[in-house]
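Have a look at the structure below before the remarks.
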Amino acid sequence: MYILTKEGERYLEDGLPEVRLIKEILSGKTSMKELQRLPYFTIGFMWAKKNGWITVSDGEIKVEAKARSAKPELEAALAELSKGNEVGLKLIDTMLSRKLIEERREIPALNEKEILQLTPEIIKSGAWEKVPFKKYDVSLRTPDIYYGRKHILRMALDKVSRILIEMGFKEMEGPIADAEFFVYDCLFTPQDHPARTQWDQFSLAKPKMIKALPDGVVAKVKAAHENGGDTGSKGWGYKWDREVARRMVLRGHTTSVTVHYLMEHRKPPNRFFSIDKVFRNDSIDRTHLLEFYQIEGWVMDDGLTVRDLMGTFGEFYRKLGINDVRFKPTFNPYTEPSFEIYGKHPKLGRWLEIGNSGMFREEMLKPFGIEARVMAWGLALERTLMLLYNYDDIRNLHGTLCDLDSLREAPTIWEY
Amino acid sequence: MTTMTLDRKELCHMVGRNIQAQQLQNTLFELGLETEEVNGGEITFEINADRPDLLSVEGVARMLRFYHGIDTKLKIPAVERSDFTCVVDASMKNIRPFITCAIVRDIKVTGSLIKSLMQVQEKLHATLGRDRKKGAIGIHDLDKLSGNIITYRAVNPDGEDFVPLGRRERMTLGRTLKEHEKGIEYGYILKGVGSLPAIYDDTGIFSFPPIINSARTEVTASTRNLLVELTGEDRGAIEKMLNILLYVLSDRGGKICSIKVKTGNSLETEPGLKTERINVTHDYVNSVLGTEFNVPQIRVLLTKAGLGSEQGGRAITVTVPPYRADILHARDVVDDIGRAYGFNNLKPSYPATPTIGELSQNTKFTSAVREVLMGSGFQDLLNFMLTNKDSNYRKMGIAEDSKSVEIGNPYSEQYSTVRTWLLPSLLEVLSNNRNRQYPQNLNEVGQAMLLDDKDDLGCKTVWKAAAVMCSMDAQYNAIKSELQNVVKAFGAKIETPALKHPSFIDGRCASVLINGKNAGIIGEISPAVLRNWGIEMPVSAFEISLDALMGKR
């Protein structure tokens with residue numbers, strides 16, 4: 001059932017603007033300038049044009065032949081509807097789209113003593129002024145609903161990358177499957193280092209070997225390993241094997257991505273970071289996964305010192321909410337000095353290992369032709385999240401073994 | 001990284017100063033040794049791989065004596081000459097080429113020495129010795145040897161026999177490899193060499209390196225004089241290991257005597273106990289540490305670090321004692337100076353390096369896609385890339401396409417390949433969460449990997465977006481509207497011509513064209529596939545490549 005809108009009522013009385021416009025023109029007023037004074041001109045002109053009833057040239061409007069004979073169907077339809085008669089669907093559509101008519105719903109008689117649910121009809125009819133609303137028990141628990149939420153680990157990831165962007169770091173990207181050359185050899189890690197054994201890294205059966213290595217760098221890396229080359233070092237004193245370096249692995253750290261970027265950005269100043277996947281042939285339990293996210297960052301500048309390293313990484317942890325940090329000297333094949341970073345848990349007060357860092361060795365940088373100092377650090381995203389938010393099972397934080405409820409009910413991480 | 005447990009009282013006795021437990025822990029922390037556990041009088045801490053000289057109580061005490069100023073000069077033990085010779089047979093050249101030895105006299109074998117020697121041997125084997133491959137130690141009662149010439153030569157596995165330590169009967173070397181627990185444990189080192197290494201005295205075999213000593217030359221409480229032999233594949237490694245052992249024995253009052261080692265025409269007197277020299281300038285030290293130390297201050301710190309020094313003009317010549325294996329570069333000396341000063345005593349500074357931060361294009365784009373999907377009610381997921389062919393192919397009802405990157409040494413069959421698409425991961429999450437409330441609408445914007453011969457690496461990583469709707473109403477139309485919404489959000493055009501695909505119900509599956517380019521697949525998951533995953537709720541799904549959506553390619 002349809003009723004006329006206010007606009008529809010007006011047109012029923014005065015005629016449709018486009019019809020009235022045609023009449024005016026046919027009565028002799030053809031000048032655009034003159035016609036524009038009519039109050040219904042804009043809308044009438046639009047519809048007349050749309051219907052192909054008129055053409056305009058040199059400020060004069062001409063009525064087309066078909067308009068002269070056209071029956072004003074819509075006017076007739078409006079009249080029929082107002083009498084309560086049926087009208088063709090096509091005309092109904094047109095009238096609806098021009099908002100000349102609207103659907104009329106039956107207003108049910110309100111017999112209830114209380115309104116259960118508020119409806120558009122009740123709002124319109126004003127029945128709500130006379131009948132009281134039924135009172136709900138507003139303290140009751142309602143069913144849980146779950147929509148799309150950002151994954152808890154992604155929230156942590158976003159938070160960390162926001163901190164790093166604020167500190168002037170640019171994001172890096174690089175291959176997940178890469179040759180050992182970039183993952184270890186370029187990091188001055190000897191070829192028999194325990195990290196390079198089958199118990200620690202995933203080597204690939206397919207693809208097995210990288211096709212080509214960058215020859216110039218290869219010669220220098222080989223020399224650095226064997227006898228130090230021109231890096232001022234003794235080297236590791238063994239015979240370096242190119243075939244070992246060509247083996248493909250799933251990267252065990254994103255420092256391989258740093259290697260690719262160092263080769264392309266040899267001159268200071270630079271700050272780069274990545275938060276990306278790494279793989280370790282470890283085990284799967286409450287605190288270990290085979291794949292996890294590593295946060296990696298580095299700064300290159302002339303004359304960077306250990307104090308700059310402590311200041312930069314201290315600032316990073318402060319932004320994470322860890323105000324007290326201590327540096328424990330440690331050993332990494334490719335950094336010296338090297339530090340494990342310990343932070344005091346903001347709530348629990350315990351000292352926890354929260355990162356590994358160091359100044360890249362000259363044995364690592366010289367083969368790339370880098371004279372400036374580079375300091376770097378890394379930490380696992382999952383571990384950081386677990387420490388800061390007290391999670392006890394890493395399997396809910398990353399991966400296919402997750403419990404949906406744990407994701408659905410995870411707290412939102414926003415602060416830093 | 002390895003751990004060491006030692007008795008605090010014994011350590012303090014050797015240092016010559018009583019150090020309280022907490023103070024000891026703090027000092028060790030500053031020097032790079034993190035305490036793991038304090039258990040009564042025992043303290044367990046971590047030793048980094050670069051300091052094998054700290055793998056004994058004697059070594060830690062030595063470091064602390066320098067640190068606390070009790071020792072101020074490097075000690076190089078005196079080496080007396082002996083009339084012993086070790087002859088290296090040419091047959092060893094391609095088996096296990098290197099041997100070095102020394103004699104230690106007048107040693108008092110106590111329980112504490114035996115304990116320390118066992119610990120240092122085991123730790124040296126595991127670290128510098130790389131599980132005995134690069135270097136293995138044998139310690140014998142010198143007085144039980146006959147003659148003063150020992151010979152290192154190759155033996156047929158079924159040839160001469162001896163009584164290995166811990167056994168009573170004579171065994172050939174071949175049988176020792178097969179039956180003795182040490183043979184089983186370390187036999188891999190000798191795999192495929194043919195003949196096996198052995199050390200002889202006048203009586204016969206007394207050592208089968210790197211597996212086991214003979215029972216005949218066993219060290220006991222009444223032993224006074226020792227023969228220490230080391231064999232291996234790395235000459236540098238066995239020399240360092242020998243030096244570290246000799247310092248332990250010398251700290252216990254042993255007198256070190258030399259052995260001549262004859263290889264072909266060359267004759268060398270072992271042990272060398274050589275020091276090394278390395279130059280550093282005070283400018284370099286200060287430029288790394290951010291300090292303003294003068295030369296005398298640096299020299300005081302070097303002494304504290306247990307390194308010798310002489311001043312020559314602007315350079316300082318540093319003497320590295322024979323037991324230190326970690327000084328390759330002047331940078332390593334700077335690190336020692338920093339440790340002696342205490343890195344945590346340095347004042348942190350923030351470098352004025354002028355850079356501007358920025359996210360990568362991929363991060364910007366994938367975040368935007370994820371936002372649209374999360375806004376449509378899909379739970380964001382981060383799944384493993386590691387999977388297996390059963391999940392990636394069979395459970396999805398499709399045949400293997402030999403595009404999977406394969407792991408050579410998988411942790412388990414379950415994680416033996418890298419996923420080539422994302423939908424199996426999402427179905428696995430649905431499968432693991434069957435007892436959780438429905439609807440379960442999930443999405444992942446993540447990476448998959450494909451073998452690719454055109455790439456230098458032989459494979460390529462691709463960014464994809466996938467979503468599943470799992471509920472009673474998960475029909476084609478529903479997922480199609482969701483995909484349309486995503487594609488529209490990036491101003492692209494989508495078409496979905498019908499497609500037959502075994503993972504989906506026939507007649508309810510389409511390929512996805514984005515701006516006319518093939519970008520993925522959409523449809524209702526086939527009940528056969530759902531059954532493979534144990535899912536009993538309808539699932540509709542799509543997966544698209546982000547390159548197409550981003551307008552790449």
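All residue names refer to the structure tokens as shown: chains lettered A, B, ... in order, residues numbered from 1 in each chain, ligands numbered from 1 in order.
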
For chain B against chain A, which residues fall within 6 Å using only C-alpha atoms, given as a PyMOL selection string? chain B and resi 32+48+288-290+328-329+335+348-351+353+355-360+374+377-384+405-408+429+456-458

- Message: Show me, as number ranges by chain, the residues that have an atom within 12 Å of Val79 (chain B) when counting only C-alpha atoms, minus same-chain residues fewer than 6 positions from it.
- Response: B: 102-105, 246-247, 250, 254-259, 269-274

Could you find all residues in region 359-390 of chain A that DSSP calls helix (DSSP H, G or I) from the backbone, and write them as a compact mmCIF listing (two decimals) with C-alpha atoms, in the first residue's frame?
```
# COMPACT_ATOMS: atom_id res chain seq x y z
CA GLU A 362 84.87 -5.15 11.32
CA GLU A 363 85.23 -8.69 9.91
CA MET A 364 81.55 -8.43 8.97
CA LEU A 365 81.39 -4.82 7.71
CA LYS A 366 84.67 -4.47 5.82
CA PRO A 367 83.77 -7.07 3.16
CA PHE A 368 80.76 -4.91 2.27
CA LEU A 381 58.23 -10.62 19.58
CA GLU A 382 56.36 -13.52 21.19
CA ARG A 383 58.72 -13.67 24.15
CA THR A 384 58.40 -9.92 24.71
CA LEU A 385 54.60 -10.20 24.61
CA MET A 386 54.66 -13.13 27.04
CA LEU A 387 56.90 -11.28 29.48
CA LEU A 388 55.00 -8.02 29.39
CA TYR A 389 51.49 -9.46 29.44
```

**Ala48 (chain A) surroundings by only C-alpha atoms, 12 Å radius, close-in-sequence under 3 positions cut, as a PyMOL selection string** = chain A and resi 16-23+25+40-45+51-56+61-64+66-68+70+72

One decimal place gives the CA of Asn532 (chain B)-CA of Gln447 (chain B) separation as 23.8 Å

>> Residues within 10 Å of Cys101 (chain B), please, as number ranges by chain. Count only C-alpha atoms; anything in the same chain fewer than 3 positions from it doesn't count.
In response: B: 85-86, 137-139, 227-231, 238-239, 242, 257-261, 269-271

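By chain and then residue number, the residues within 12 Å of Asn265 (chain B) are Val87, Val88, Asp89, Ala90, Val261, Lys262 and Glu268 of chain B, counting only C-alpha atoms and disregarding those fewer than 3 positions away in sequence.
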
With C-alpha atoms kept, could you save the residues just selected as a compact mmCIF listing (two decimals), in the first residue's frame?
```txt
# COMPACT_ATOMS: atom_id res chain seq x y z
CA VAL B 87 105.88 -40.04 16.08
CA VAL B 88 103.04 -39.22 13.69
CA ASP B 89 102.70 -41.87 10.99
CA ALA B 90 101.96 -40.74 7.43
CA VAL B 261 106.30 -34.38 17.99
CA LYS B 262 107.75 -35.76 14.79
CA GLU B 268 108.24 -29.67 16.97
```

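Across B:Ile199, B:Val320, B:Leu11, B:Leu117, the tightest approach to Ala154 (chain B) is made by B:Ile199 when counting only C-alpha atoms.
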
Next item on the list: Fewer than 3 positions away in the same chain doesn't count, so skip those; otherwise give me all residues within 8 Å of Glu296 (chain A), counting only C-alpha atoms, as a ChimeraX atom specification.
Entry: /A:254-255,273-275,376-379

Residues as selected, N, CA and C atoms, written as a compact mmCIF listing (two decimals), in the first residue's frame, can you do that?
```
# COMPACT_ATOMS: atom_id res chain seq x y z
N THR A 254 66.54 -12.63 11.30
CA THR A 254 66.35 -11.65 10.24
C THR A 254 67.60 -10.80 10.04
N THR A 255 68.68 -11.14 10.74
CA THR A 255 69.94 -10.44 10.51
C THR A 255 70.39 -10.68 9.07
N PHE A 273 64.72 -1.37 10.44
CA PHE A 273 64.17 -2.42 11.33
C PHE A 273 63.33 -3.39 10.53
N SER A 274 63.07 -4.54 11.13
CA SER A 274 62.06 -5.45 10.59
C SER A 274 61.46 -6.23 11.75
N ILE A 275 60.21 -6.65 11.57
CA ILE A 275 59.59 -7.57 12.52
C ILE A 275 59.05 -8.69 11.65
N ALA A 376 73.43 -3.06 16.35
CA ALA A 376 72.21 -3.79 16.01
C ALA A 376 71.67 -4.48 17.25
N TRP A 377 70.38 -4.76 17.22
CA TRP A 377 69.85 -5.60 18.28
C TRP A 377 68.66 -6.40 17.79
N GLY A 378 68.32 -7.42 18.54
CA GLY A 378 67.21 -8.28 18.15
C GLY A 378 66.55 -8.89 19.36
N LEU A 379 65.27 -9.21 19.20
CA LEU A 379 64.54 -9.90 20.26
C LEU A 379 63.34 -10.59 19.64
```

Test item: residues at most 12 Å from Arg104 (chain A), only C-alpha atoms, excluding those fewer than 2 positions along its chain, as a list of chain:residue names
A:Met1, A:Tyr2, A:Ile3, A:Leu4, A:Thr5, A:Gly84, A:Ile101, A:Glu102, A:Glu106, A:Ile107, A:Pro120, A:Glu121, A:Lys124

Can I get the selected residues back with N, CA and C atoms, as a PDB file, in the first residue's frame?
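So the final result, stored in selection-v1.pdb, reads:
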```
ATOM      1  N   MET A   1       0.838  -1.198   0.000  1.00  0.00           N
ATOM      2  CA  MET A   1       0.000   0.000   0.000  1.00  0.00           C
ATOM      3  C   MET A   1       0.877   1.254   0.000  1.00  0.00           C
ATOM      4  N   TYR A   2       0.567   2.198  -0.899  1.00  0.00           N
ATOM      5  CA  TYR A   2       1.390   3.417  -0.986  1.00  0.00           C
ATOM      6  C   TYR A   2       0.551   4.651  -0.743  1.00  0.00           C
ATOM      7  N   ILE A   3       1.199   5.638  -0.170  1.00  0.00           N
ATOM      8  CA  ILE A   3       0.527   6.932  -0.022  1.00  0.00           C
ATOM      9  C   ILE A   3       1.431   8.013  -0.619  1.00  0.00           C
ATOM     10  N   LEU A   4       0.803   9.145  -0.963  1.00  0.00           N
ATOM     11  CA  LEU A   4       1.591  10.229  -1.540  1.00  0.00           C
ATOM     12  C   LEU A   4       2.386  10.948  -0.445  1.00  0.00           C
ATOM     13  N   THR A   5       3.632  11.316  -0.805  1.00  0.00           N
ATOM     14  CA  THR A   5       4.410  12.139   0.123  1.00  0.00           C
ATOM     15  C   THR A   5       3.933  13.565  -0.035  1.00  0.00           C
ATOM     16  N   GLY A  84      -6.617   5.499  -4.231  1.00  0.00           N
ATOM     17  CA  GLY A  84      -6.509   4.131  -3.700  1.00  0.00           C
ATOM     18  C   GLY A  84      -6.562   3.077  -4.771  1.00  0.00           C
ATOM     19  N   ILE A 101       5.965   9.098  -3.551  1.00  0.00           N
ATOM     20  CA  ILE A 101       5.101   8.222  -2.755  1.00  0.00           C
ATOM     21  C   ILE A 101       5.955   7.488  -1.748  1.00  0.00           C
ATOM     22  N   GLU A 102       5.310   6.902  -0.720  1.00  0.00           N
ATOM     23  CA  GLU A 102       6.038   6.043   0.225  1.00  0.00           C
ATOM     24  C   GLU A 102       5.123   4.916   0.663  1.00  0.00           C
ATOM     25  N   GLU A 106       0.433  -0.604   8.104  1.00  0.00           N
ATOM     26  CA  GLU A 106      -0.740  -0.543   8.976  1.00  0.00           C
ATOM     27  C   GLU A 106      -0.278  -0.241  10.392  1.00  0.00           C
ATOM     28  N   ILE A 107      -0.844   0.669  11.030  1.00  0.00           N
ATOM     29  CA  ILE A 107      -0.505   0.913  12.435  1.00  0.00           C
ATOM     30  C   ILE A 107      -1.387   0.031  13.296  1.00  0.00           C
ATOM     31  N   PRO A 120       9.075   1.504  14.611  1.00  0.00           N
ATOM     32  CA  PRO A 120       8.892   2.788  13.908  1.00  0.00           C
ATOM     33  C   PRO A 120       7.449   3.258  14.008  1.00  0.00           C
ATOM     34  N   GLU A 121       6.506   2.310  13.957  1.00  0.00           N
ATOM     35  CA  GLU A 121       5.095   2.683  14.001  1.00  0.00           C
ATOM     36  C   GLU A 121       4.751   3.343  15.322  1.00  0.00           C
ATOM     37  N   LYS A 124       6.095   6.785  15.424  1.00  0.00           N
ATOM     38  CA  LYS A 124       5.317   7.717  14.606  1.00  0.00           C
ATOM     39  C   LYS A 124       3.954   7.999  15.213  1.00  0.00           C
TER      40      LYS A 124
END
```

Practice prompt. Run DSSP on the backbone and give me the residues of region 143-349 of chain A it puts in strand (DSSP E), as a ChimeraX atom specification.
Written response: /A:170-171,177-179,202-206,248-250,270-279,291-301,325-332,335-344

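Counting only C-alpha atoms, the residue from B:Asn26, B:Asn286, B:Thr275, B:Asn518 that sits nearest to Arg331 (chain B) is B:Asn286.
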
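Distance check against Ala156 (chain A) using only C-alpha atoms: of A:Gly343, A:Lys90, A:His265, A:Ile295, the minimum falls on A:Ile295.
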